[in-house]
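Colleague: Got a structure for you, model-v5.txt, holding compact mmCIF, C-alpha atoms.
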```
# COMPACT_ATOMS: atom_id res chain seq x y z
CA MET T 25 -7.00 1.20 17.82
CA ASN T 26 -8.93 -1.50 19.63
CA ALA T 27 -9.14 -5.04 18.31
CA LEU T 28 -12.28 -6.02 16.49
CA GLU T 29 -14.79 -7.90 18.61
CA TYR T 30 -17.02 -10.81 17.69
CA PRO T 31 -18.89 -10.99 15.32
CA ASP T 32 -16.94 -8.31 13.40
CA ARG T 33 -13.65 -10.21 13.73
CA HIS T 34 -15.37 -13.31 12.35
CA HIS T 35 -16.59 -11.36 9.30
CA VAL T 36 -13.11 -9.96 8.62
CA VAL T 37 -11.53 -13.42 8.85
CA ALA T 38 -14.17 -14.76 6.46
CA ALA T 39 -13.61 -11.82 4.09
CA GLU T 40 -9.84 -12.47 4.15
CA GLY T 41 -10.50 -16.09 3.23
CA TRP T 42 -12.74 -15.11 0.33
CA PHE T 43 -10.13 -12.58 -0.81
CA GLU T 44 -7.35 -15.18 -0.76
CA LEU T 45 -9.56 -17.44 -2.88
CA GLY T 46 -10.05 -14.62 -5.39
CA CYS T 47 -13.74 -14.30 -4.55
CA ASP T 48 -13.89 -10.54 -4.15
CA PRO T 49 -17.70 -10.11 -4.28
CA GLU T 50 -18.05 -12.59 -1.42
CA ALA T 51 -15.31 -10.79 0.51
CA MET T 52 -17.10 -7.46 0.06
CA THR T 53 -20.40 -9.04 1.15
CA GLU T 54 -18.70 -10.27 4.32
CA LEU T 55 -17.25 -6.80 4.98
CA GLY T 56 -20.72 -5.35 4.47
CA ARG T 57 -21.90 -7.35 7.49
CA LEU T 58 -19.67 -5.41 9.86
CA SER T 59 -21.16 -3.20 12.54
CA PRO T 60 -20.90 0.57 11.97
CA ALA T 61 -17.88 0.67 14.30
CA GLY T 62 -16.33 -2.30 12.50
CA GLN T 63 -16.74 -0.57 9.14
CA CYS T 64 -14.37 2.16 10.35
CA HIS T 65 -11.72 -0.13 11.83
CA PRO T 66 -8.37 -0.06 9.98
CA ASP T 67 -8.17 -3.85 9.44
CA PRO T 68 -11.33 -4.13 7.32
CA LEU T 69 -10.53 -0.81 5.63
CA GLU T 70 -7.16 -2.19 4.58
CA LEU T 71 -8.78 -5.35 3.20
CA ARG T 72 -11.45 -3.34 1.42
CA TRP T 73 -8.68 -1.28 -0.22
CA ARG T 74 -6.89 -4.44 -1.37
CA ILE T 75 -10.10 -5.71 -2.95
CA LEU T 76 -10.70 -2.39 -4.71
CA ALA T 77 -7.06 -2.20 -5.85
CA ARG T 78 -7.22 -5.68 -7.33
CA ALA T 79 -10.33 -4.56 -9.22
CA ARG T 80 -8.46 -1.39 -10.22
CA ASN T 81 -11.34 0.68 -8.83
CA TRP T 82 -9.06 3.57 -7.98
CA ALA T 83 -11.81 6.12 -7.30
CA ALA T 84 -13.29 3.98 -4.53
CA ALA T 85 -9.80 2.97 -3.34
CA LEU T 86 -8.95 6.66 -2.95
CA GLU T 87 -11.89 7.14 -0.59
CA VAL T 88 -11.06 4.04 1.47
CA SER T 89 -7.35 4.83 1.77
CA GLY T 90 -8.22 8.39 2.79
CA GLN T 91 -10.43 6.97 5.54
CA MET T 92 -7.58 4.73 6.62
CA THR T 93 -5.21 7.68 7.12
CA GLN T 94 -7.88 9.43 9.20
CA VAL T 95 -8.80 6.54 11.51
CA ALA T 96 -5.26 5.12 11.85
CA PRO T 97 -2.73 7.88 11.10
CA ASP T 98 -0.05 5.97 13.01
CA ARG T 99 -0.20 2.98 10.68
CA PRO T 100 1.95 3.25 7.55
CA GLU T 101 -0.39 1.07 5.45
CA GLY T 102 -2.97 3.82 4.95
CA TRP T 103 -0.37 6.31 3.76
CA ILE T 104 1.19 3.72 1.46
CA GLN T 105 -2.21 2.79 0.04
CA LEU T 106 -3.27 6.40 -0.42
CA SER T 107 -0.06 7.32 -2.23
CA PHE T 108 -0.21 4.22 -4.42
CA THR T 109 -3.81 5.05 -5.33
CA LEU T 110 -2.82 8.59 -6.28
CA HIS T 111 -0.03 7.16 -8.44
CA GLU T 112 -2.44 4.78 -10.16
CA LEU T 113 -4.76 7.73 -10.82
CA GLY T 114 -1.91 9.46 -12.66
CA ARG T 115 -1.18 11.80 -9.77
CA THR T 116 2.38 10.63 -9.16
CA ARG T 117 3.64 14.04 -7.96
CA ASP T 118 0.85 14.07 -5.34
CA ALA T 119 1.78 10.50 -4.36
CA TRP T 120 5.43 11.56 -3.94
CA ASN T 121 4.52 14.64 -1.89
CA LEU T 122 2.25 12.62 0.37
CA LEU T 123 4.64 9.71 0.96
CA LEU T 124 7.94 11.58 1.30
CA PRO T 125 7.33 12.80 4.89
CA MET T 126 6.22 9.29 5.85
CA ALA T 127 9.76 7.99 5.23
CA SER T 128 10.93 9.71 8.41
CA ARG T 129 7.69 9.03 10.27
CA PHE T 130 7.94 5.27 9.59
CA PRO T 131 11.68 4.65 9.15
CA GLU T 132 11.43 0.85 9.53
CA ASP T 133 8.91 0.36 6.72
CA SER T 134 10.68 -0.80 3.54
CA VAL T 135 7.64 -0.30 1.29
CA ILE T 136 7.85 3.46 1.68
CA PRO T 137 11.36 3.88 0.20
CA TYR T 138 10.57 1.30 -2.47
CA ASN T 139 7.45 3.20 -3.54
CA LEU T 140 9.32 6.50 -3.37
CA ALA T 141 11.87 4.96 -5.75
CA CYS T 142 9.05 4.09 -8.14
CA TYR T 143 7.51 7.56 -7.96
CA ALA T 144 10.87 9.32 -8.37
CA CYS T 145 11.64 7.13 -11.37
CA GLN T 146 8.32 7.96 -12.98
CA LEU T 147 8.92 11.65 -12.30
CA GLY T 148 12.25 11.44 -14.12
CA GLU T 149 14.32 11.85 -10.97
CA LEU T 150 16.54 8.81 -11.55
CA LYS T 151 19.27 9.67 -9.04
CA ALA T 152 16.71 10.06 -6.26
CA ALA T 153 14.99 6.87 -7.41
CA GLN T 154 18.26 4.96 -7.18
CA GLN T 155 18.92 6.31 -3.68
CA TRP T 156 15.46 5.31 -2.47
CA LEU T 157 15.79 1.87 -4.00
CA GLU T 158 19.16 1.38 -2.29
CA ARG T 159 17.57 2.42 1.00
CA ALA T 160 14.83 -0.17 0.53
CA ALA T 161 17.50 -2.77 -0.26
CA ARG T 162 19.23 -2.01 3.05
CA MET T 163 15.98 -2.71 4.88
CA ARG T 164 15.03 -6.00 3.22
CA PRO T 165 17.07 -8.72 1.58
CA ARG T 166 18.71 -7.27 -1.55
CA LYS T 167 17.72 -10.32 -3.55
CA GLU T 168 14.06 -9.72 -2.70
CA ILE T 169 14.18 -6.02 -3.61
CA LYS T 170 16.11 -6.77 -6.80
CA GLY T 171 13.54 -9.37 -7.87
CA MET T 172 10.67 -6.96 -7.25
CA ALA T 173 12.43 -4.09 -8.99
CA LEU T 174 13.34 -6.10 -12.08
CA SER T 175 9.68 -6.91 -12.70
CA ASP T 176 8.30 -3.49 -11.72
CA PRO T 177 7.38 -1.41 -14.79
CA ASP T 178 7.67 1.78 -12.73
CA LEU T 179 11.38 1.09 -12.31
CA ALA T 180 12.11 0.19 -15.94
CA PRO T 181 14.28 3.31 -16.46
CA LEU T 182 16.56 2.02 -13.68
CA ARG T 183 17.05 -1.51 -15.06
CA SER T 184 20.84 -1.21 -15.35
CA CYS T 185 21.10 0.09 -11.78
CA VAL T 186 18.77 -2.61 -10.49
CA GLU T 187 21.03 -5.26 -12.01
CA GLN T 188 23.82 -3.94 -9.73
CA LEU T 189 21.83 -4.37 -6.50
```
What does this structure look like when you write it as structure tokens?
Modeller:
Amino acid sequence: MNALEYPDRHHVVAAEGWFELGCDPEAMTELGRLSPAGQCHPDPLELRWRILARARNWAAALEVSGQMTQVAPDRPEGWIQLSFTLHELGRTRDAWNLLLPMASRFPEDSVIPYNLACYACQLGELKAAQQWLERAARMRPRKEIKGMALSDPDLAPLRSCVEQL
């Protein structure tokens, strides 16, 4: 995917700044100023998803993450966002089924096994959840994964195993 050109890049940088300040309406306004081609670029789509996710607007986030997987299928972020959105919509089995093949497609991405651990845990598959969490811990510092997992409500059934990481 080509890099965004001026003025679209300027609008995305401004939107990122507004987002970091917690000013989501201003960030969305800035994203609305993108050219038609810029609207379909993965960078602003990813930011738009983050804004919608923070607002817990999962219906709109589903549409945006679906777009992301279509325009940038070789970027793991879209698949991660789409599966997370499905999970938040109560469609955890669909999230699992979507993300599972991405683990081999994007073997260096530690978010994928971490999210698969969360989904497996919520589906009652605790052994699989533990295996995925251990895989994530091999990819990133164990202390970091352990800290995330201890505060993640999706992994609550694995608390005793997380303590052993």
Colleague: What lies within 12 Å of Gly114 of chain T using all atoms listed in the file, ignoring chain neighbours under 5 positions off, as a PDB file with C-alpha atoms, in the frame of the given file?
Modeller:
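This went into part25.pdb:
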```pdb
ATOM      1  CA  TRP T  82      -9.060   3.570  -7.980  1.00  0.00           C
ATOM      2  CA  ALA T  83     -11.810   6.120  -7.300  1.00  0.00           C
ATOM      3  CA  SER T 107      -0.060   7.320  -2.230  1.00  0.00           C
ATOM      4  CA  PHE T 108      -0.210   4.220  -4.420  1.00  0.00           C
ATOM      5  CA  THR T 109      -3.810   5.050  -5.330  1.00  0.00           C
ATOM      6  CA  ALA T 119       1.780  10.500  -4.360  1.00  0.00           C
ATOM      7  CA  TRP T 120       5.430  11.560  -3.940  1.00  0.00           C
ATOM      8  CA  TYR T 143       7.510   7.560  -7.960  1.00  0.00           C
ATOM      9  CA  GLN T 146       8.320   7.960 -12.980  1.00  0.00           C
ATOM     10  CA  LEU T 147       8.920  11.650 -12.300  1.00  0.00           C
TER      11      LEU T 147
END
```
Colleague: Neighbouring residues of Glu168 of chain T were defined as those with any atom within 12 Å, considering only C-alpha atoms; residues of the same chain fewer than 4 positions away were excluded. Please report them as an NGL selection string.
Modeller: :T and (134 or 138 or 157 or 160-164 or 172-175 or 186 or 189)
Colleague: Find the spatial neighbours of Gln91 of chain T, counting only C-alpha atoms, within a cut-off of 12 Å - ignore same-chain residues fewer than 5 positions away - and output them as a list in words.
Modeller: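 What passes the distance filter is Gln63, Cys64, His65, Pro66, Asp67, Pro68, Leu69, Glu70, Arg72, Trp73, Ala84, Ala85, Leu86, Ala96, Pro97, Glu101, Gly102, Trp103, Gln105 and Leu106 of chain T.
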Colleague: Just to confirm, what's the straight-line distance from atom CA of Leu71 of chain T to atom CA of Ser128 of chain T in Å (one decimal)?
Modeller: 25.3 Å
Colleague: With distances taken over only C-alpha atoms, which of T:Gln94, T:Arg159, T:Lys167, T:Asp118 is nearest to Asp133 of chain T?
Modeller: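 Comparing T:Gln94, T:Arg159, T:Lys167, T:Asp118 against Asp133 of chain T, the winner is T:Arg159.
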Colleague: Can you work out which one of T:Ile104, T:Ser184, T:Pro131, T:Ile75 has the shortest atom-to-atom distance to Ser89 of chain T, counting only C-alpha atoms?
Modeller: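 Selected residue with least distance to Ser89 of chain T: T:Ile104.
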Colleague: As an exercise, work out the distance from atom CA of Gly62 of chain T to atom CA of Tyr30 of chain T in Å and give it to one decimal place.
Modeller: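 One can read the atom CA of Gly62 of chain T to atom CA of Tyr30 of chain T distance as 10.0 Å.
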Colleague: Of the candidates T:Ala180, T:Asp48, T:Arg33, T:Phe43, which shows the shortest atom-to-atom distance to Leu150 of chain T, using only C-alpha atoms?
Modeller: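 Result for the nearest residue to Leu150 of chain T: T:Ala180.
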Colleague: Nearest residue to Ala141 of chain T out of T:Pro31, T:Gly41, T:Pro181, T:Pro100, using all atoms listed in the file?
Modeller: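 Checking each candidate against Ala141 of chain T, we get T:Pro181 as the closest.
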Colleague: In Å, how far is it from atom CA of Glu40 of chain T to atom CA of Arg78 of chain T?
Modeller: 13.6 Å
Colleague: When distances are computed from only C-alpha atoms, which of T:Thr53, T:Leu113, T:Pro60, T:Cys145 shows the smallest separation from Ala77 of chain T?
Modeller: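 Closest residue, counting only C-alpha atoms: T:Leu113.
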Colleague: Using only C-alpha atoms for the distances, tell me which of T:Cys142, T:Ala51, T:Ala39, T:Ala153 is nearest to Pro177 of chain T.
Modeller: T:Cys142
